[in-house]
Structure formats: C-alpha cells, structure tokens
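> Structure in structure tokens, see below.
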Amino acid sequence: MKIAHIDIRNFRKLKSCRVELAEGKTIFVGANNSGKTSAMDALIMFLKKSKRKELSTTDFTLSNWAAINKIGNSWVAAIDEQAPDFSLEIWRPHLPSIDVWLQVDDAQIHYVSHILPTLDWTGGLLGVRLALEPKKPEELYKRFISAFESAKATMSSRPVSGGKGLASTLKLWPQSMRDFLDREMQTFFSVNAFILDPSKVNQPNAQDIADDVEPLEGDPFDGLFKIDIINAQRGFSDPNSGEGISNADRRLSSQLRQYFDNHLDPAELPDITDLDALEAMEAARSAFDVRLKASFSSAIGELEGLNYPGFSDPQILLSSKMNPLESLNHDSAVQFKVTRNDAPESDALCLPEKYNGLGYQNLISMIFSLIRFRDEWMRIGKAGKREADDSRPIQPLHLMLIEEPEAHLHAQVQQVFIKKAFGVLRSHSDLGNNKQFVTQMVVSTHSSHIAHETDFASLRYFRRQNPSRPGDVPYATVVNMTNTFGGNSDTARFATRYLKTTHCDLFFADAVILVEGPAERMLVPHFIRCQYPDLDRSYISLLEIGGSHAHRLCPLIDALGLLTLVITDLDSIAADTSSKVLPVKGQGFRTGNDTLKSWIPVETMLDELLKASSESKVARCGRVRVTYPCEVALNYQGSEGKAIPYTFEDALVLGNLGLFKIKTGTAGLLKKMVDAVNLGTLSEACEAMFEALKSGRKAEMALELLYTTEPSTLQTPQYITEGLDWLKAKLAANELEQIYTPATVEAE
C-alpha cells in the first residue's frame, strides 16, 4: 500500500493541484511563497486528526471568499423573501479539501474493507475525500442571522448625534460571512470523509458528493498509516509546533530520555533481559539505604530527643528510589568526546552537548527522531509489550513529513541528511525491501544542496501562477519532474547531468539568467549589483551554459515556468564554411549559435539576426528572452562610427573605450584588447580584438579586469542592458500579480 497522489483544493494558494508522491522520498521544491509549506500544512492538518481543530479561515483560498460571502448575503436576503438554501452543494466548491488516493494490492484488501467503493473492487486505486464542511447548515444559518440582525438592530437604534459622528465608521460583528467565520468556524464546521469513485480519478473537476451521502464514521485512515512530523526548526513561532519535535525536545539527551521511557525502561513490563539490570539497581538501592540510615541516625536521634516520634506517631524511615531515567536528566548526561578515539578513557576530554554546534545538534536530533518514529511504528522493545493486548495490526504505511531540514546545517551536512534519512527509516529487519510495510518520506525544502542530491523523479516543483480571471489571486500548480523531459532522452540526460554539476538554484529562483561563458558569469552579477538594485534584491539564478547548449534546458524552463534571460554570443561564421568571421552586414554570413538557430529567434542568417525586433527575441508567452550583440554606434578617436561585436568581451571593450584606452600594467588577452583600442581606426580595432579572441583566455581577462578595475565604473554592454531592462520590467509586473491581467496567448 502506498499513497499514489493527493489532490488539494481551496487550501491557501493551492486552488486545485495534484501532488504525486514517489514510492520512497518526495521532495517539495520551489521559489518562496510558491505553496510548498501550504502543501505540507494541508497534509498535516487533514491527515493528522489532532490538527484538524487548527484549520481556520486563513487557510481558505482568498479568491473564494467572494462566493462564501455571497452565501451569507443570500441568507440575509432570504429573511423576508424566500426559504434559504441549506444544501452543502453551495459550500463545497469553495471549502478546503484533500483527496487521498491509495494504491492497494489485492493482498491488503483486509486493511481497506471499510473504504471500498463497491463489492466488485478488485484492486488498484482507492480514494477518500477529507473535506471541511458545515456540521448542520440550519444551525449555522440561525446563529449567523441572529448575530447579523442583532448587530444591525444595535446600530440602527443608536442616536445619529451620539458618539460624535463615530456611528458612520463603527462596524459591529458580523459584517459578512467571512467576519462571522473568523470567530465561529470551528463551532459550526468539521472535517468529513467520503469514499470516492476510482473510475473518476483523472477527471478535470472534483468529484461531486451528493447531499444525501452520509460521511464515513471515524477516521478512515486509522490503522492504515502512521503519520510523524518533524516541523520546520525556524526559531520563530511555528503554527505546527504542537506536533513533531518542539524546541525543548531537540537536544539528544531529551530524545534519549523519551526513547528510554518508551522502549528501554527495565522497570516497565520487564522481561528476562532486564533482570540483571533490575538486580543491580536493587543492590545499589539497598546499599545506599544502609548508608542513608547510618548518615542520618544522629540527626534523627536528636528529633527523638524532642519526644518525636511519640508512641502513636509514625516512625521516620529513609528509603531511596533508583530511577535510571533521572540519570539522563541533567546537562552533562550526554557529552561529546573531543580527544582522539585511541586516547585512554581516563584522559578523555568531554563537553556537554549544549556546546556542540547548532548544525550537528539539529542533524543528530532529526536522525534520532527518525529512529524513534521508526521503532514506534515497528513497536520495538517496551512499546511492543505495551501494545501486546492491542488487536490492531501494525499500520502498513508510515508517512514521514519533514519541513525544511536545512536549518542550521551547512551544505555538506544537508546532503548527508537527505542521502541517509530514508535509509534510517527503513533500517529494520522487518522493513528494508519488504513491500508489506511501506515508508513514504515527504520533505519540503528551500535548499539547492538537498535538491542537488535528489533524483529528478523525486522532485515536485511548486510553480507560481498569475491569476487568470478577474477577482482571482495568484495560485500554485505542482510539476512532477519525473516527466519533464519525456523519458530517457538525450535532452533529459544532459539537463540532469548539467544540474548535477551545478547547484539546483533554479528550483528556488524568481528568474534565471543563462550566460555564454565564464567572463559573463563573473561580470554580469556586478552589472546587476551596481546598476540594477531591483534585480539585485530578487532571487535570480545565473547559470553558465554556453550558446551551443542553452536551448537544451528549454523543456525544464517550460516546466518550471521561469522568467528566463539568455545572454549569448553572435558567433558569426562564413557563408560557405564554418570558419569564424568578424560580423559584417551584407556578406551572407550565418550564425553558428544553436540557441539562436533553434530556440529564439530561430534565425540562421546574420543580417536577419541583426535587424530582429525586440518582440521576435521573446518567446514562451513572454517568459523567455534572448539577447546577443548587435550593431552599436560609438565615437572612436573623435569620429562617429558603428561596430558589431562578435562576443561579450569585445562588446564590453567597445562600451568602455575610455577606460580601456588608458589602462596600463595589463597582460594576456586584456593587454591585447588595450592595444587594439589604441589603433588608428575603428575597423582596425575590431579586427585586432577579433583575432585576439580566437586564442585568448577570456576567464583570465575577466579576473584581471576585476582585480584592476572597480566594477561600478564599467558600463554594461548595450545588448545586456536591453536584456536586464526586460527582466526588471517582467519581475516588477509579477510583483503586481494579484491584479488580474489577461495573458497573451502565443503558439509554442
């Protein structure tokens, strides 16, 4: 048994989305405010029965409140006109719900007999909806109308002159159904469970539940799976801190005490393996009692000299109690040895655990929590004996929810955790590869290092979407990265291998800039920092990909829906050969750049590229733009002229002629560039730079330029300025995404 997928509706930004869970671990990735935490909270609040009482009006999708308030308005209007509508049908399309779809084998039918849709079911998917609904709409109506009419009557009876004109601004509760439910939702709403029809699992809209269908009694997942939670350890107020590990329980000593109490305490339900420990504890207690009596005999004798205790008074008897759990209840109960392992024990230097780094404390805490949750599931030690009389079998599924494990962990430790965590959850003789008991681990993260160590098939990308209708708000959809590249194609292998050689920053970015080479990678961030403060405040991932391969990331960029700026070179080649040539108009030259030829703007001829409009350089419904060197006008040696740069380096020089002309003490490619711009004519300078670039070391030129030049004095090449201006405008428009703007539909 496993959870195949979960459909979340009307929960915060998740208007309607499907989250497919992998067989082992599933990693939620995405930019800030994309819906990752909302998805985790939806799982926690609906699947964890004790958390359902924490559902509130702030968990509703904001755009649904207009329809919910309309229900309240219709009830108010119906007071004197017609019978109010008490059907659940008017509520269900607007209230939070999740559909849980289980993949169940025939051999496990005894676990799910209570949620079978028909007696003819022969295996496959089983669905259960957990939906927030009014308990009794009639009672909700009476209470709402009573409160609304009372507020209305109070306001209408107030003298107009009273309160010095405040009557016009004072508003009594409730003003709307939203206002009413802010206080009373938990009183009149509850989570109900319904069996779903597996034949309708892939229909685009949510299955309808008839008004006369009774909800299931009890928790439909009781006995099916065990849910454990490790909350985000942010150090701030966490709305889910009541579950999982609290701040006070993160220390290893605290968790050891809890583990000892649940699984190891020899005094509880002892077996033969505990007898030696119990005998040793009893012997120690008896010896200590003898010592206590001898030590206190003088003091007790003085009390007896005061005629107490008397004939009818109870005698004073000293008896100790040995509690092994108390031996772990102090700061030095758990220590960390800082000397070498081969040092004698007597010479060992130790520190209490509170002196260990926060990162290691967090790692140890999380790993030990996974061990404890696993052993509770498998009923190890005393936990098993404690539940020996429980006729319920062990749940076939363990669902482990982990929020943002990267807190306080440096990059390498983050990678260690995500590689080892699932193995820890399966490290038991009855688990391993055993299909009878299944573990599914769901992790939400902002860490590119965790994403880097995760197979693409485990990634679920939360993609932010702009509103598509008036009155809507931004929402999120979920992309299963398993199918992003359409199977095991060359493109899929390239993208996966490339991302594995870099950090997966683009999974968390607001936008991505793809650059041609190392010089752009080093200098473009300085252009942004010095001249584009708005872009500098955004989360932009900059990837060095090269003109020959940028287009290979097209499927990934489309799937993520990222704003993308491609900064690439012109790469002009001769008309009849593939030899590089200095770009000149009217010579029939072509481009050797695959991005320009096959992605954007899909042009091969150099002249067509040079006269391409700004609109033709944008594709993918306005999400992707390419920019490359084009003809620039400049003043050279006092004469006006025009030039077409071949690549980034000569475009940079032509845009900063005054700076390069006076540069001294240079070497390598930078020196050749300085020498070139001091030649007599512009054409000679361009030819000299082109020849120098054929064999020059571009990265060394960029490094030397950064070493000898203040980056803020460099002017950004014109074509890069055009691209960054476009990106700035698109990101600024996204900041206003709560305002509905019709999308431009473009054939792709």
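We name chains A, B, ... following the order of the structure tokens; residues begin at 1 in each chain, and ligands are numbered from 1 as shown.
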Residues near stretch 624-637 of chain A, anyone? I mean within 6 Å using only C-alpha atoms, not counting same-chain ones fewer than 2 positions away, as JSON, numbers by chain.

{"A": [563, 564, 565, 566, 567, 568, 569, 570, 610, 617, 618, 619, 620, 622, 639, 640, 641, 642, 643, 644, 645, 719, 723]}

> Excluding A:Val213 and residues on its chain fewer than 3 positions from it, collect all residues at most 12 Å away from it, counting only C-alpha atoms, and give them as a PyMOL selection string.

chain A and resi 88-89+192-196+208-210+216

> Limited to C-alpha atoms, could you put the picked residues into a file as an mmCIF file, in the first residue's frame?


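This went into selection-v2.cif:
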```cif
data_model
loop_
_atom_site.group_PDB
_atom_site.id
_atom_site.type_symbol
_atom_site.label_atom_id
_atom_site.label_comp_id
_atom_site.auth_asym_id
_atom_site.auth_seq_id
_atom_site.Cartn_x
_atom_site.Cartn_y
_atom_site.Cartn_z
ATOM 1 C CA LEU A 88 -23.980 21.552 1.128
ATOM 2 C CA GLU A 89 -23.663 21.882 -2.632
ATOM 3 C CA ASN A 192 -15.934 14.859 6.937
ATOM 4 C CA ALA A 193 -14.699 11.843 4.993
ATOM 5 C CA PHE A 194 -16.269 10.403 1.835
ATOM 6 C CA ILE A 195 -15.434 7.449 -0.411
ATOM 7 C CA LEU A 196 -14.565 8.440 -4.000
ATOM 8 C CA ASP A 208 -19.395 15.667 -6.784
ATOM 9 C CA ILE A 209 -20.644 14.330 -3.462
ATOM 10 C CA ALA A 210 -24.416 14.156 -3.284
ATOM 11 C CA LEU A 216 -17.795 7.890 6.974
#
```

> Find the spatial neighbours of stretch 68-74 of chain A, counting only C-alpha atoms, within a cut-off of 10 Å - ignore same-chain residues fewer than 2 positions away - and output them as JSON, numbers by chain.

{"A": [63, 64, 65, 66, 76, 77, 78, 79, 82, 84, 85, 86, 90, 91, 93, 94, 95, 141, 144, 145, 148, 175, 176, 177, 178, 179, 180]}

> What does the structure give for the distance between atom CA of A:Leu62 and atom CA of A:Arg129, in Å to one decimal?

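Interatomic distance here is 21.6 Å.
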
> I'd like the interatomic distance between atom CA of A:Ile394 and atom CA of A:Val19, to a tenth of an Å.

26.2 Å

> Assign secondary structure with DSSP using the backbone only, and return the residues of stretch 440-675 of chain A in strand (DSSP E or B) as a VMD selection string.

chain A and resid 440 to 444 459 to 465 475 to 480 511 to 515 540 to 544 563 to 567 572 to 573 580 590 to 591 605 618 to 619 624 to 627 632 to 636 639 to 643

> Keeping only C-alpha atoms, write those residues as a PDB file, in the first residue's frame.


```
ATOM      1  CA  GLN A 440       6.947   7.384   2.227  1.00  0.00           C
ATOM      2  CA  MET A 441       9.011  10.406   3.246  1.00  0.00           C
ATOM      3  CA  VAL A 442       7.920  13.892   2.152  1.00  0.00           C
ATOM      4  CA  VAL A 443      10.375  16.783   2.561  1.00  0.00           C
ATOM      5  CA  SER A 444       9.810  20.459   1.830  1.00  0.00           C
ATOM      6  CA  LEU A 459      11.232  16.327  -7.124  1.00  0.00           C
ATOM      7  CA  ARG A 460       7.865  18.090  -7.106  1.00  0.00           C
ATOM      8  CA  TYR A 461       8.179  21.702  -8.237  1.00  0.00           C
ATOM      9  CA  PHE A 462       5.652  24.233  -6.945  1.00  0.00           C
ATOM     10  CA  ARG A 463       5.099  26.701  -9.743  1.00  0.00           C
ATOM     11  CA  ARG A 464       3.595  30.128  -9.088  1.00  0.00           C
ATOM     12  CA  GLN A 465       0.820  31.125 -11.461  1.00  0.00           C
ATOM     13  CA  TYR A 475      -2.149  30.361  -7.127  1.00  0.00           C
ATOM     14  CA  ALA A 476       0.221  27.420  -7.466  1.00  0.00           C
ATOM     15  CA  THR A 477       0.415  24.246  -9.510  1.00  0.00           C
ATOM     16  CA  VAL A 478       2.696  21.259  -8.935  1.00  0.00           C
ATOM     17  CA  VAL A 479       5.013  19.851 -11.589  1.00  0.00           C
ATOM     18  CA  ASN A 480       6.137  16.237 -11.342  1.00  0.00           C
ATOM     19  CA  ALA A 511      14.143  34.169 -12.623  1.00  0.00           C
ATOM     20  CA  VAL A 512      17.144  32.602 -14.323  1.00  0.00           C
ATOM     21  CA  ILE A 513      19.876  34.139 -16.480  1.00  0.00           C
ATOM     22  CA  LEU A 514      21.702  31.773 -18.835  1.00  0.00           C
ATOM     23  CA  VAL A 515      25.097  33.111 -19.881  1.00  0.00           C
ATOM     24  CA  ILE A 540      17.962  35.245  -9.665  1.00  0.00           C
ATOM     25  CA  SER A 541      19.873  32.116 -10.589  1.00  0.00           C
ATOM     26  CA  LEU A 542      22.758  32.658 -13.023  1.00  0.00           C
ATOM     27  CA  LEU A 543      23.893  29.582 -14.942  1.00  0.00           C
ATOM     28  CA  GLU A 544      26.815  29.292 -17.340  1.00  0.00           C
ATOM     29  CA  LEU A 563      11.330  34.043 -16.378  1.00  0.00           C
ATOM     30  CA  THR A 564      14.493  33.434 -18.383  1.00  0.00           C
ATOM     31  CA  LEU A 565      17.040  35.767 -19.943  1.00  0.00           C
ATOM     32  CA  VAL A 566      19.521  34.126 -22.312  1.00  0.00           C
ATOM     33  CA  ILE A 567      22.703  36.172 -22.806  1.00  0.00           C
ATOM     34  CA  SER A 572      29.228  34.675 -36.888  1.00  0.00           C
ATOM     35  CA  ILE A 573      30.578  32.217 -39.452  1.00  0.00           C
ATOM     36  CA  LYS A 580      34.628  32.184 -37.626  1.00  0.00           C
ATOM     37  CA  ARG A 590      25.478  32.997 -40.754  1.00  0.00           C
ATOM     38  CA  THR A 591      25.444  32.272 -37.022  1.00  0.00           C
ATOM     39  CA  MET A 605      21.351  34.409 -41.319  1.00  0.00           C
ATOM     40  CA  VAL A 618      10.820  36.956 -26.814  1.00  0.00           C
ATOM     41  CA  ALA A 619       9.047  33.583 -26.748  1.00  0.00           C
ATOM     42  CA  VAL A 624      11.890  33.829 -22.230  1.00  0.00           C
ATOM     43  CA  ARG A 625      14.029  36.458 -23.953  1.00  0.00           C
ATOM     44  CA  VAL A 626      17.321  36.160 -25.772  1.00  0.00           C
ATOM     45  CA  THR A 627      19.829  38.967 -26.152  1.00  0.00           C
ATOM     46  CA  VAL A 632      26.371  49.785 -31.794  1.00  0.00           C
ATOM     47  CA  ALA A 633      27.129  53.428 -32.569  1.00  0.00           C
ATOM     48  CA  LEU A 634      30.140  54.986 -30.851  1.00  0.00           C
ATOM     49  CA  ASN A 635      32.747  57.718 -31.005  1.00  0.00           C
ATOM     50  CA  TYR A 636      36.217  56.396 -31.829  1.00  0.00           C
ATOM     51  CA  SER A 639      34.963  60.127 -35.245  1.00  0.00           C
ATOM     52  CA  GLU A 640      31.470  58.650 -35.192  1.00  0.00           C
ATOM     53  CA  GLY A 641      31.299  55.026 -36.263  1.00  0.00           C
ATOM     54  CA  LYS A 642      29.442  51.724 -35.949  1.00  0.00           C
ATOM     55  CA  ALA A 643      30.652  48.279 -34.983  1.00  0.00           C
TER      56      ALA A 643
END
```

> Mind checking which residues fall within 7 Å of stretch 704-712 of chain A, counting only C-alpha atoms, ignoring those fewer than 2 positions away in the same chain, and posting them as a ChimeraX atom specification?

/A:526,530,700-702,714

> Could you write out the selected residues, including C-alpha atoms, as a PDB file, in the first residue's frame?


```
ATOM      1  CA  HIS A 526      28.468  43.103 -10.876  1.00  0.00           C
ATOM      2  CA  CYS A 530      25.857  48.250  -9.414  1.00  0.00           C
ATOM      3  CA  GLU A 700      41.685  35.316 -17.167  1.00  0.00           C
ATOM      4  CA  MET A 701      40.729  38.611 -18.803  1.00  0.00           C
ATOM      5  CA  ALA A 702      37.634  38.885 -16.592  1.00  0.00           C
ATOM      6  CA  LEU A 714      32.205  49.579 -16.015  1.00  0.00           C
TER       7      LEU A 714
END
```

> Can you tell me, as a list of chain:residue names, what residues are no more than 10 Å from A:Thr604 when counting only C-alpha atoms, ignoring any on the same chain fewer than 2 positions away?

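Close residues of A:Thr604: A:Ser572, A:Phe589, A:Arg590, A:Thr591, A:Gly592, A:Asn593, A:Asp594, A:Leu596, A:Lys597, A:Ser598, A:Pro601, A:Val602, A:Leu606, A:Asp607, A:Glu608, A:Leu609.
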
> Pick from A:Pro396, A:Val191, A:Tyr360, A:Met45: nearest to A:Glu217, with only C-alpha atoms counted?

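Comparing A:Pro396, A:Val191, A:Tyr360, A:Met45 against A:Glu217, the winner is A:Val191.
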
> Expressed in Å to a single decimal, how great is the separation between atom CA of A:Met522 and atom CA of A:Asn33?

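These two atoms are separated by 29.1 Å.
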
> Pick the closest to A:Ala509 from A:Arg497, A:His446, A:Arg379, A:Lys2: which is it, counting only C-alpha atoms?

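Smallest separation from A:Ala509 among the options: A:His446.
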
> So, with only C-alpha atoms as the atoms that count, which of A:Ser468, A:Ser156, A:Ser458, A:Asn10 lies closest to A:Thr482?

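Among the listed residues, A:Ser458 lies closest to A:Thr482.
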
> Can you list every residue in stretch 6-219 of chain A that DSSP puts in alpha helix (DSSP H), as a count of residues only?

57

> I'd like the contact shell of A:Ile98 - 6 Å cut-off, only C-alpha atoms, skipping same-chain residues fewer than 3 positions apart - returned as JSON, numbers by chain.

{"A": [7, 8, 129, 130]}

> Which one is closest to A:Ala153: A:Leu172, A:Met481, A:Leu224, A:Leu43? Count only C-alpha atoms.

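Counting only C-alpha atoms, the residue closest to A:Ala153 is A:Leu172.
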
> Smallest atom-to-atom distance to A:Phe508: which of A:His449, A:Lys611, A:Lys51, A:His5, using only C-alpha atoms?

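Comparing A:His449, A:Lys611, A:Lys51, A:His5 against A:Phe508, the winner is A:His449.
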